[in-house]
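Asker: Contents of final17.tsv (TSV, C-alpha atoms) are given next:
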```tsv
chain	number	residue	atom	x	y	z
A	20	MET	CA	0.00	0.00	0.00
A	21	LYS	CA	1.31	3.43	-0.99
A	22	ILE	CA	1.84	5.84	1.87
A	23	ASP	CA	0.44	9.30	1.32
A	24	PHE	CA	3.37	11.38	2.58
A	25	TRP	CA	1.98	14.62	1.22
A	26	GLY	CA	-1.33	13.95	2.96
A	27	ARG	CA	0.49	13.38	6.24
A	28	LEU	CA	2.62	16.51	5.89
A	29	ALA	CA	-0.36	18.66	4.90
A	30	LYS	CA	-2.36	17.28	7.83
A	31	ALA	CA	0.45	18.12	10.24
A	32	GLY	CA	0.76	21.59	8.70
A	33	ARG	CA	-2.96	22.20	9.02
A	34	ARG	CA	-2.84	21.44	12.74
A	35	ALA	CA	-0.32	24.22	13.30
A	36	PRO	CA	-1.80	27.20	15.13
A	37	ALA	CA	-3.11	29.86	12.77
A	38	PRO	CA	-0.70	32.74	12.18
A	39	LEU	CA	-1.50	36.00	13.91
A	40	PRO	CA	-3.97	38.20	12.03
A	41	ALA	CA	-2.22	40.76	9.89
A	42	GLU	CA	-2.04	44.22	11.38
A	43	MET	CA	-1.99	47.01	8.87
A	44	PRO	CA	1.32	48.92	8.92
A	45	PHE	CA	1.15	52.62	9.57
A	46	GLY	CA	0.52	54.64	6.43
A	47	PHE	CA	-0.39	51.66	4.27
A	48	ASP	CA	-3.91	52.94	3.58
A	49	SER	CA	-2.51	56.38	2.65
A	50	ARG	CA	-0.07	54.78	0.21
A	51	VAL	CA	-2.82	52.77	-1.44
A	52	VAL	CA	-5.14	55.77	-1.68
A	53	ALA	CA	-2.33	57.99	-3.03
A	54	GLU	CA	-1.59	55.41	-5.72
A	55	TRP	CA	-5.27	55.18	-6.57
A	56	ARG	CA	-5.59	58.97	-6.84
A	57	SER	CA	-2.41	59.52	-8.87
A	58	PRO	CA	-3.77	58.71	-12.39
A	59	GLY	CA	-6.63	61.14	-11.81
A	60	ASP	CA	-4.22	63.85	-10.73
A	61	THR	CA	-2.09	63.34	-13.84
A	62	GLU	CA	-5.12	63.82	-16.04
A	63	GLU	CA	-6.01	66.97	-14.17
A	64	ARG	CA	-2.50	68.29	-14.80
A	65	LEU	CA	-2.83	67.54	-18.50
A	66	PRO	CA	-6.17	68.98	-19.62
A	67	TRP	CA	-5.11	68.73	-23.26
A	68	ALA	CA	-4.56	64.96	-22.99
A	69	PRO	CA	-7.99	64.08	-24.47
A	70	LEU	CA	-7.28	66.48	-27.36
A	71	LEU	CA	-3.95	64.78	-28.00
A	72	ARG	CA	-5.62	61.39	-27.94
A	73	GLY	CA	-8.19	62.61	-30.48
A	74	ALA	CA	-5.46	64.01	-32.72
A	75	LEU	CA	-3.60	60.70	-32.58
A	76	VAL	CA	-6.73	58.79	-33.59
A	77	CYS	CA	-7.38	61.23	-36.50
A	78	ALA	CA	-3.78	60.96	-37.70
A	79	SER	CA	-3.97	57.18	-37.60
A	80	LEU	CA	-7.22	57.21	-39.57
A	81	ILE	CA	-5.77	59.54	-42.24
A	82	MET	CA	-2.72	57.31	-42.53
A	83	LEU	CA	-4.83	54.18	-42.93
A	84	LEU	CA	-7.06	55.92	-45.50
A	85	SER	CA	-4.10	57.08	-47.59
A	86	VAL	CA	-2.56	53.60	-47.51
A	87	ALA	CA	-5.90	52.11	-48.59
A	88	MET	CA	-6.31	54.61	-51.44
A	89	ASN	CA	-2.82	53.99	-52.76
A	90	TYR	CA	-2.96	50.27	-52.20
A	91	HIS	CA	-2.70	49.33	-55.89
A	92	THR	CA	0.24	51.63	-56.52
A	93	LEU	CA	2.06	50.31	-53.49
A	94	LYS	CA	1.30	46.73	-54.48
A	95	GLU	CA	3.10	47.04	-57.83
A	96	HIS	CA	6.44	45.33	-57.40
A	97	GLU	CA	8.19	47.23	-60.20
A	98	PRO	CA	6.42	50.53	-60.66
A	99	GLY	CA	8.95	51.79	-63.16
A	100	SER	CA	9.20	48.67	-65.31
A	101	VAL	CA	7.27	50.17	-68.23
A	102	ALA	CA	9.33	53.34	-68.12
A	103	ILE	CA	12.58	51.36	-68.11
A	104	ALA	CA	11.48	49.24	-71.09
A	105	ASP	CA	10.46	52.39	-72.94
A	106	SER	CA	13.77	54.00	-72.24
A	107	VAL	CA	15.72	50.94	-73.44
A	108	LEU	CA	13.66	50.90	-76.64
A	109	ARG	CA	14.38	54.54	-77.28
A	110	MET	CA	18.07	54.07	-76.64
A	111	SER	CA	18.24	51.21	-79.11
A	112	MET	CA	16.51	53.28	-81.77
A	113	LEU	CA	18.94	56.15	-81.43
A	114	PRO	CA	21.54	56.43	-84.18
B	28	MET	CA	-20.28	48.12	2.76
B	29	ALA	CA	-22.52	49.08	-0.19
B	30	ASP	CA	-22.52	52.69	0.98
B	31	CYS	CA	-18.75	52.65	1.38
B	32	LEU	CA	-18.32	51.24	-2.14
B	33	GLU	CA	-20.59	53.88	-3.58
B	34	ARG	CA	-18.52	56.60	-1.92
B	35	VAL	CA	-15.30	55.05	-3.22
B	36	ARG	CA	-16.79	55.08	-6.71
B	37	GLN	CA	-17.33	58.81	-6.22
B	38	ARG	CA	-13.63	59.00	-5.35
B	39	ASP	CA	-14.09	59.68	-1.65
B	40	GLU	CA	-10.66	59.23	-0.03
B	41	ASP	CA	-11.98	58.60	3.49
B	42	ALA	CA	-14.20	55.81	2.19
B	43	ALA	CA	-11.24	54.39	0.27
B	44	ARG	CA	-9.14	54.36	3.44
B	45	ALA	CA	-11.97	52.67	5.35
B	46	LEU	CA	-12.23	50.05	2.60
B	47	VAL	CA	-8.48	49.35	2.77
B	48	ARG	CA	-8.68	48.92	6.55
B	49	GLU	CA	-11.68	46.60	6.20
B	50	LEU	CA	-10.17	44.40	3.50
B	51	TYR	CA	-6.58	44.32	4.76
B	52	PRO	CA	-6.86	41.13	6.91
B	53	LEU	CA	-8.59	39.18	4.12
B	54	ILE	CA	-6.11	40.25	1.46
B	55	MET	CA	-3.08	39.64	3.64
B	56	LYS	CA	-4.32	36.14	4.43
B	57	ILE	CA	-4.55	35.33	0.73
B	58	VAL	CA	-1.26	37.03	-0.09
B	59	ARG	CA	0.58	35.15	2.67
B	60	SER	CA	-0.81	31.82	1.46
B	61	HIS	CA	0.32	32.36	-2.11
B	62	LEU	CA	3.36	34.57	-1.73
B	63	PRO	CA	6.15	34.01	-4.24
B	64	ARG	CA	9.70	33.74	-2.91
B	65	ARG	CA	11.60	37.03	-2.75
B	66	THR	CA	8.40	39.05	-2.87
B	67	ASP	CA	7.42	41.38	-0.08
B	68	GLU	CA	3.90	40.63	1.17
B	69	GLU	CA	3.14	44.30	1.70
B	70	ASP	CA	4.14	45.18	-1.88
B	71	LEU	CA	1.95	42.42	-3.27
B	72	ALA	CA	-0.96	43.50	-1.06
B	73	GLN	CA	-0.58	47.04	-2.38
B	74	ILE	CA	-0.74	45.74	-5.96
B	75	VAL	CA	-3.91	43.83	-5.07
B	76	PHE	CA	-5.50	46.96	-3.61
B	77	GLY	CA	-4.48	48.92	-6.70
B	78	LYS	CA	-6.29	46.40	-8.90
B	79	ILE	CA	-9.35	46.43	-6.68
B	80	PHE	CA	-9.67	50.21	-6.93
B	81	VAL	CA	-8.98	50.32	-10.66
B	82	HIS	CA	-11.53	47.60	-11.44
B	83	LEU	CA	-14.11	48.55	-8.83
B	84	GLU	CA	-16.47	49.75	-11.57
B	85	GLN	CA	-16.57	46.19	-12.88
B	86	PHE	CA	-18.00	44.84	-9.62
B	87	SER	CA	-21.60	44.16	-10.50
B	88	GLY	CA	-22.82	43.07	-7.08
B	89	ASN	CA	-23.96	39.64	-8.31
B	90	VAL	CA	-21.55	37.96	-5.88
B	91	PRO	CA	-20.57	39.06	-2.37
B	92	PHE	CA	-17.90	41.77	-2.46
B	93	GLU	CA	-15.48	39.61	-0.42
B	94	HIS	CA	-15.66	36.86	-3.06
B	95	TRP	CA	-14.88	39.33	-5.81
B	96	VAL	CA	-11.98	40.75	-3.80
B	97	SER	CA	-10.68	37.24	-3.10
B	98	ARG	CA	-10.72	36.44	-6.78
B	99	VAL	CA	-8.79	39.60	-7.63
B	100	ALA	CA	-6.26	38.80	-4.89
B	101	VAL	CA	-5.86	35.17	-5.97
B	102	ASN	CA	-5.37	36.12	-9.62
B	103	THR	CA	-2.83	38.78	-8.69
B	104	CYS	CA	-0.90	36.25	-6.60
B	105	LEU	CA	-1.08	33.76	-9.45
B	106	ASN	CA	0.39	36.33	-11.85
B	107	ALA	CA	3.15	37.06	-9.35
B	108	LEU	CA	3.87	33.34	-9.04
B	109	ARG	CA	3.97	33.03	-12.82
B	110	ALA	CA	6.47	35.88	-13.02
B	111	GLU	CA	8.76	33.79	-10.84
B	112	ARG	CA	10.39	31.92	-13.68
B	113	CYS	CA	12.36	29.24	-11.91
B	114	ARG	CA	11.03	26.85	-9.31
B	115	PRO	CA	13.37	25.36	-6.77
B	116	GLU	CA	14.04	21.67	-6.50
B	117	LEU	CA	13.84	20.47	-2.94
B	118	ARG	CA	16.83	18.46	-1.75
B	119	TRP	CA	17.43	16.84	1.59
B	120	ALA	CA	20.54	18.97	2.05
B	121	ASP	CA	18.44	22.14	1.71
B	122	LEU	CA	16.28	21.24	4.70
B	123	THR	CA	16.99	22.72	8.09
B	124	ALA	CA	17.58	20.36	11.02
B	125	ASP	CA	13.99	20.86	12.23
B	126	GLU	CA	12.57	20.31	8.78
B	127	ALA	CA	14.62	17.15	8.28
B	128	GLU	CA	13.37	15.84	11.62
B	129	VAL	CA	9.75	16.54	10.72
B	130	MET	CA	10.26	15.02	7.31
B	131	GLU	CA	11.72	11.87	8.80
B	132	LYS	CA	8.79	11.61	11.18
B	133	VAL	CA	6.31	12.01	8.35
B	134	LEU	CA	8.13	9.56	6.14
B	135	ALA	CA	8.70	6.97	8.82
B	136	THR	CA	5.49	6.90	10.82
B	137	ALA	CA	1.90	7.94	10.53
B	138	LYS	CA	2.31	9.55	13.95
B	139	GLU	CA	1.82	13.26	13.87
B	140	PRO	CA	4.59	15.63	14.83
B	141	ASP	CA	4.07	17.43	18.13
B	142	LEU	CA	2.74	20.96	18.41
B	143	THR	CA	6.10	22.67	18.02
B	144	GLN	CA	6.86	20.65	14.91
B	145	GLN	CA	3.55	21.43	13.29
B	146	MET	CA	4.72	24.93	12.40
B	147	THR	CA	7.79	23.44	10.75
B	148	ALA	CA	5.55	20.97	8.95
B	149	ARG	CA	3.53	23.84	7.51
B	150	GLU	CA	6.67	25.63	6.32
B	151	LEU	CA	7.90	22.40	4.82
B	152	ALA	CA	4.58	21.86	3.06
B	153	HIS	CA	4.88	25.34	1.55
B	154	LYS	CA	8.43	24.53	0.45
B	155	MET	CA	7.18	21.38	-1.25
B	156	LEU	CA	4.43	23.38	-2.96
B	157	GLU	CA	6.97	25.89	-4.27
B	158	THR	CA	8.35	23.17	-6.52
B	159	LEU	CA	5.03	22.95	-8.37
B	160	SER	CA	3.64	25.15	-11.14
B	161	PRO	CA	1.77	28.26	-9.94
B	162	LYS	CA	-1.68	26.83	-10.68
B	163	ASP	CA	-0.91	23.49	-9.04
B	164	ARG	CA	0.52	25.26	-6.02
B	165	LEU	CA	-2.51	27.50	-5.72
B	166	ILE	CA	-4.97	24.62	-5.91
B	167	LEU	CA	-3.16	22.38	-3.41
B	168	THR	CA	-2.65	25.26	-0.98
B	169	MET	CA	-6.37	25.90	-0.96
B	170	LEU	CA	-7.50	22.27	-0.95
B	171	ASP	CA	-4.93	20.59	1.27
B	172	LEU	CA	-3.56	23.32	3.54
B	173	GLU	CA	-6.56	25.60	3.91
B	174	GLU	CA	-9.06	22.72	3.67
B	175	ARG	CA	-11.27	24.53	1.21
B	176	SER	CA	-13.79	22.65	-0.90
B	177	VAL	CA	-13.55	22.40	-4.69
B	178	GLU	CA	-16.54	24.74	-4.86
B	179	GLU	CA	-14.71	27.36	-2.80
B	180	VAL	CA	-11.63	27.06	-5.02
B	181	ARG	CA	-13.88	27.41	-8.04
B	182	GLN	CA	-15.42	30.58	-6.63
B	183	ARG	CA	-12.05	32.10	-5.82
B	184	THR	CA	-10.34	31.24	-9.09
B	185	GLY	CA	-13.18	31.04	-11.58
B	186	TRP	CA	-11.81	27.74	-12.88
B	187	ASN	CA	-13.90	24.74	-13.79
B	188	ALA	CA	-14.49	22.20	-10.95
B	189	SER	CA	-13.30	19.26	-13.09
B	190	LEU	CA	-10.14	21.12	-14.01
B	191	ILE	CA	-9.46	21.78	-10.32
B	192	LYS	CA	-9.91	18.10	-9.44
B	193	VAL	CA	-7.73	16.90	-12.30
B	194	ARG	CA	-5.02	19.43	-11.51
B	195	ALA	CA	-5.10	18.54	-7.82
B	196	PHE	CA	-4.75	14.84	-8.65
B	197	ARG	CA	-1.79	15.48	-10.96
B	198	ALA	CA	-0.15	17.85	-8.50
B	199	ARG	CA	-0.39	15.29	-5.70
B	200	THR	CA	1.17	12.69	-8.00
B	201	LYS	CA	4.03	15.10	-8.67
B	202	LEU	CA	4.50	15.62	-4.93
B	203	ARG	CA	4.49	11.87	-4.36
B	204	LYS	CA	7.32	11.61	-6.88
B	205	GLN	CA	9.15	14.42	-5.11
B	206	PHE	CA	8.89	12.55	-1.82
B	207	ALA	CA	10.14	9.36	-3.47
B	208	ARG	CA	13.11	11.24	-4.94
B	209	LEU	CA	13.87	12.82	-1.58
B	210	MET	CA	13.86	9.41	0.08
B	211	GLU	CA	16.09	7.94	-2.61
B	212	LEU	CA	18.60	10.74	-2.23
B	213	GLU	CA	18.56	10.36	1.54
B	214	ARG	CA	19.34	6.66	1.24
```
Please express the file's structure as structure tokens.

Answerer:
Amino acid sequence: MKIDFWGRLAKAGRRAPAPLPAEMPFGFDSRVVAEWRSPGDTEERLPWAPLLRGALVCASLIMLLSVAMNYHTLKEHEPGSVAIADSVLRMSMLP
Amino acid sequence: MADCLERVRQRDEDAARALVRELYPLIMKIVRSHLPRRTDEEDLAQIVFGKIFVHLEQFSGNVPFEHWVSRVAVNTCLNALRAERCRPELRWADLTADEAEVMEKVLATAKEPDLTQQMTARELAHKMLETLSPKDRLILTMLDLEERSVEEVRQRTGWNASLIKVRAFRARTKLRKQFARLMELER
């Protein structure tokens, strides 16, 4: 029969007296509240932050729109291939 | 509590302080049970409180507030445990004299260690759990050390009951192997 060592150890550990209840260190609540308040304060210091966010969104949209409108041009692997062929033809026809 | 929460939502600092004082024992209990090595319990508790305040708007009131807080605390501890990349391997040589004595007692006889050794047994159990993956450690701490039911673990973690049972079974098998290895090395 297999002996359940973990079971025995856990059982012994469970019987140990419960640790003392945690006492809050001095100033802990103030630290937590200060951390909680800090993002709000930053926003108050930067009233133009929403405007900047809006501008960023607009700029991104314009960029995406311009990429979409020029998609076919950008997709061409050799945009100047016709021009090069034309130029070679002209060169060959020159005396 | 509902009134206090409402005031916190309106960014009342006094209410926030009162909430911290009210929840501190509960959060510290969870943090101490699932504290990663080399992590300060106070720092982790502060992170938990930060998350509670940030996500307070998401608390719908469908479950008791303490359950919601427990879940936030457990998940934060789990993330902290995950961030701990390496897990120690327990060797006989790493045990203190007291721990080795308790271990021998547990391995040799079914007789329980005396009262003074029970504290050591608990520390040793936590050391054994540190060798497991964060999820396995979390589940076995709750089930085997805190004697919580699968339903309670489910409520605190949000995981499926079957998953908890399967994980607990596999984790205990891993611990059994650890004990076997320890005994082999001792011999």

Asker: Could you give me, as CSV, every range 109-171 of chain B residue with an atom at most 12 Å from range 177-199 of chain B, plus its closest atom pair and distance in Å to one decimal, counting only C-alpha atoms, rows ordered by chain then number?

Answerer:
```
residue,atom,partner,partner_atom,distance
B:Met155,CA,B:Arg199,CA,10.7
B:Leu156,CA,B:Ala198,CA,9.1
B:Glu157,CA,B:Ala198,CA,11.5
B:Thr158,CA,B:Ala198,CA,10.2
B:Leu159,CA,B:Ala198,CA,7.3
B:Ser160,CA,B:Ala198,CA,8.6
B:Pro161,CA,B:Ala198,CA,10.7
B:Lys162,CA,B:Arg194,CA,8.2
B:Asp163,CA,B:Ala198,CA,5.7
B:Arg164,CA,B:Ala198,CA,7.8
B:Leu165,CA,B:Val180,CA,9.2
B:Ile166,CA,B:Ala195,CA,6.4
B:Leu167,CA,B:Ala195,CA,6.2
B:Thr168,CA,B:Ala195,CA,9.9
B:Met169,CA,B:Val180,CA,6.7
B:Leu170,CA,B:Val177,CA,7.1
B:Asp171,CA,B:Ala195,CA,9.3
```

Asker: Have a look at CA of Trp95 in chain B and CA of Ile79 in chain B and let me know their distance in Å, one decimal.

Answerer: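 Value for the CA of Trp95 in chain B-CA of Ile79 in chain B distance: 9.0 Å.
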
Asker: Need the axis-aligned box for range 100-110 of chain B with 8 Å each side, so what are the centre and edges in Å to one decimal, as JSON?

Answerer:
```
{"center_x": 0.1, "center_y": 35.9, "center_z": -9.0, "size_x": 28.7, "size_y": 21.8, "size_z": 24.1}
```

Asker: With 9 Å as the cut-off and all atoms listed in the file counted, what is the closest atom pair between each nearby residue of chain B and chain A? Distances in Å to one decimal, ordered by chain and number, as CSV.

Answerer:
```
residue,atom,partner,partner_atom,distance
B:Arg38,CA,A:Arg56,CA,8.2
B:Glu40,CA,A:Val52,CA,6.7
B:Ala43,CA,A:Val52,CA,6.6
B:Arg44,CA,A:Asp48,CA,5.4
B:Ala45,CA,A:Asp48,CA,8.3
B:Leu46,CA,A:Asp48,CA,8.9
B:Val47,CA,A:Asp48,CA,5.9
B:Arg48,CA,A:Asp48,CA,6.9
B:Tyr51,CA,A:Met43,CA,6.7
B:Pro52,CA,A:Ala41,CA,5.5
B:Leu53,CA,A:Ala41,CA,8.7
B:Met55,CA,A:Ala41,CA,6.4
B:Lys56,CA,A:Ala41,CA,7.5
B:Glu69,CA,A:Phe47,CA,8.6
B:Gln73,CA,A:Val51,CA,6.2
B:Ile74,CA,A:Val51,CA,8.6
B:Phe76,CA,A:Val51,CA,6.8
B:Gly77,CA,A:Trp55,CA,6.3
B:Phe80,CA,A:Trp55,CA,6.6
B:Val81,CA,A:Trp55,CA,7.4
B:Val129,CA,A:Leu28,CA,8.6
B:Met130,CA,A:Leu28,CA,7.9
B:Val133,CA,A:Leu28,CA,6.3
B:Leu134,CA,A:Phe24,CA,6.2
B:Ala137,CA,A:Arg27,CA,7.1
B:Lys138,CA,A:Arg27,CA,8.8
B:Glu139,CA,A:Ala31,CA,6.2
B:Pro140,CA,A:Ala31,CA,6.7
B:Asp141,CA,A:Ala31,CA,8.7
B:Leu142,CA,A:Ala35,CA,6.8
B:Thr143,CA,A:Ala35,CA,8.1
B:Gln144,CA,A:Ala35,CA,8.2
B:Gln145,CA,A:Ala35,CA,4.8
B:Met146,CA,A:Ala35,CA,5.2
B:Thr147,CA,A:Gly32,CA,7.6
B:Ala148,CA,A:Gly32,CA,4.8
B:Arg149,CA,A:Gly32,CA,3.8
B:Glu150,CA,A:Gly32,CA,7.5
B:Leu151,CA,A:Leu28,CA,8.0
B:Ala152,CA,A:Ala29,CA,6.2
B:Met155,CA,A:Trp25,CA,8.9
B:Asp171,CA,A:Ala29,CA,6.1
B:Leu172,CA,A:Arg33,CA,5.6
B:Glu173,CA,A:Arg33,CA,7.1
B:Glu174,CA,A:Arg33,CA,8.1
B:Arg199,CA,A:Trp25,CA,7.3
B:Leu202,CA,A:Trp25,CA,6.7
B:Arg203,CA,A:Trp25,CA,6.7
B:Phe206,CA,A:Phe24,CA,7.2
```

Asker: Determine, counting only C-alpha atoms, which protein, DNA and RNA residues have an atom within 10 Å of an atom of Glu93 in chain B; residues of the same chain fewer than 2 positions away are not included. Present the result as a PDB file with C-alpha atoms, in the coordinates of the input.

Answerer:
```pdb
ATOM      1  CA  LEU B  50     -10.170  44.400   3.500  1.00  0.00           C
ATOM      2  CA  LEU B  53      -8.590  39.180   4.120  1.00  0.00           C
ATOM      3  CA  ILE B  54      -6.110  40.250   1.460  1.00  0.00           C
ATOM      4  CA  VAL B  90     -21.550  37.960  -5.880  1.00  0.00           C
ATOM      5  CA  PRO B  91     -20.570  39.060  -2.370  1.00  0.00           C
ATOM      6  CA  TRP B  95     -14.880  39.330  -5.810  1.00  0.00           C
ATOM      7  CA  VAL B  96     -11.980  40.750  -3.800  1.00  0.00           C
ATOM      8  CA  SER B  97     -10.680  37.240  -3.100  1.00  0.00           C
ATOM      9  CA  ARG B  98     -10.720  36.440  -6.780  1.00  0.00           C
ATOM     10  CA  VAL B  99      -8.790  39.600  -7.630  1.00  0.00           C
ATOM     11  CA  ARG B 183     -12.050  32.100  -5.820  1.00  0.00           C
TER      12      ARG B 183
END
```

Asker: May I ask for the distance between CA of Leu71 in chain A and CA of His82 in chain B, given in Å to one decimal place?

Answerer: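 According to the coordinates, CA of Leu71 in chain A and CA of His82 in chain B are separated by 25.0 Å.
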
Asker: Quick check, in Å to one decimal: how far apart do CA of Asn106 in chain B and CA of Val75 in chain B lie?

Answerer: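 Taking CA of Asn106 in chain B and CA of Val75 in chain B, their separation equals 11.0 Å.
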
Asker: Considering only C-alpha atoms, can you say which of B:Thr123, B:Gln85, B:Ser60, B:Thr103 comes closest to Arg36 in chain B?

Answerer: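 Of the candidates, the smallest distance to Arg36 in chain B is held by B:Gln85.
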
Asker: Any idea what's packed within 9 Å of Ile57 in chain B, counting only C-alpha atoms, ignoring anything in its chain fewer than 6 positions away? Could you give it as a list of chain:residue names?

Answerer: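 Returned residues: B:Ser97, B:Ala100, B:Val101, B:Cys104.
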
Asker: With C-alpha atoms kept, could you save the residues just selected as a PDB file, keeping the file's coordinate frame?

Answerer:
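Output saved as again09.pdb:
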```
ATOM      1  CA  SER B  97     -10.680  37.240  -3.100  1.00  0.00           C
ATOM      2  CA  ALA B 100      -6.260  38.800  -4.890  1.00  0.00           C
ATOM      3  CA  VAL B 101      -5.860  35.170  -5.970  1.00  0.00           C
ATOM      4  CA  CYS B 104      -0.900  36.250  -6.600  1.00  0.00           C
TER       5      CYS B 104
END
```
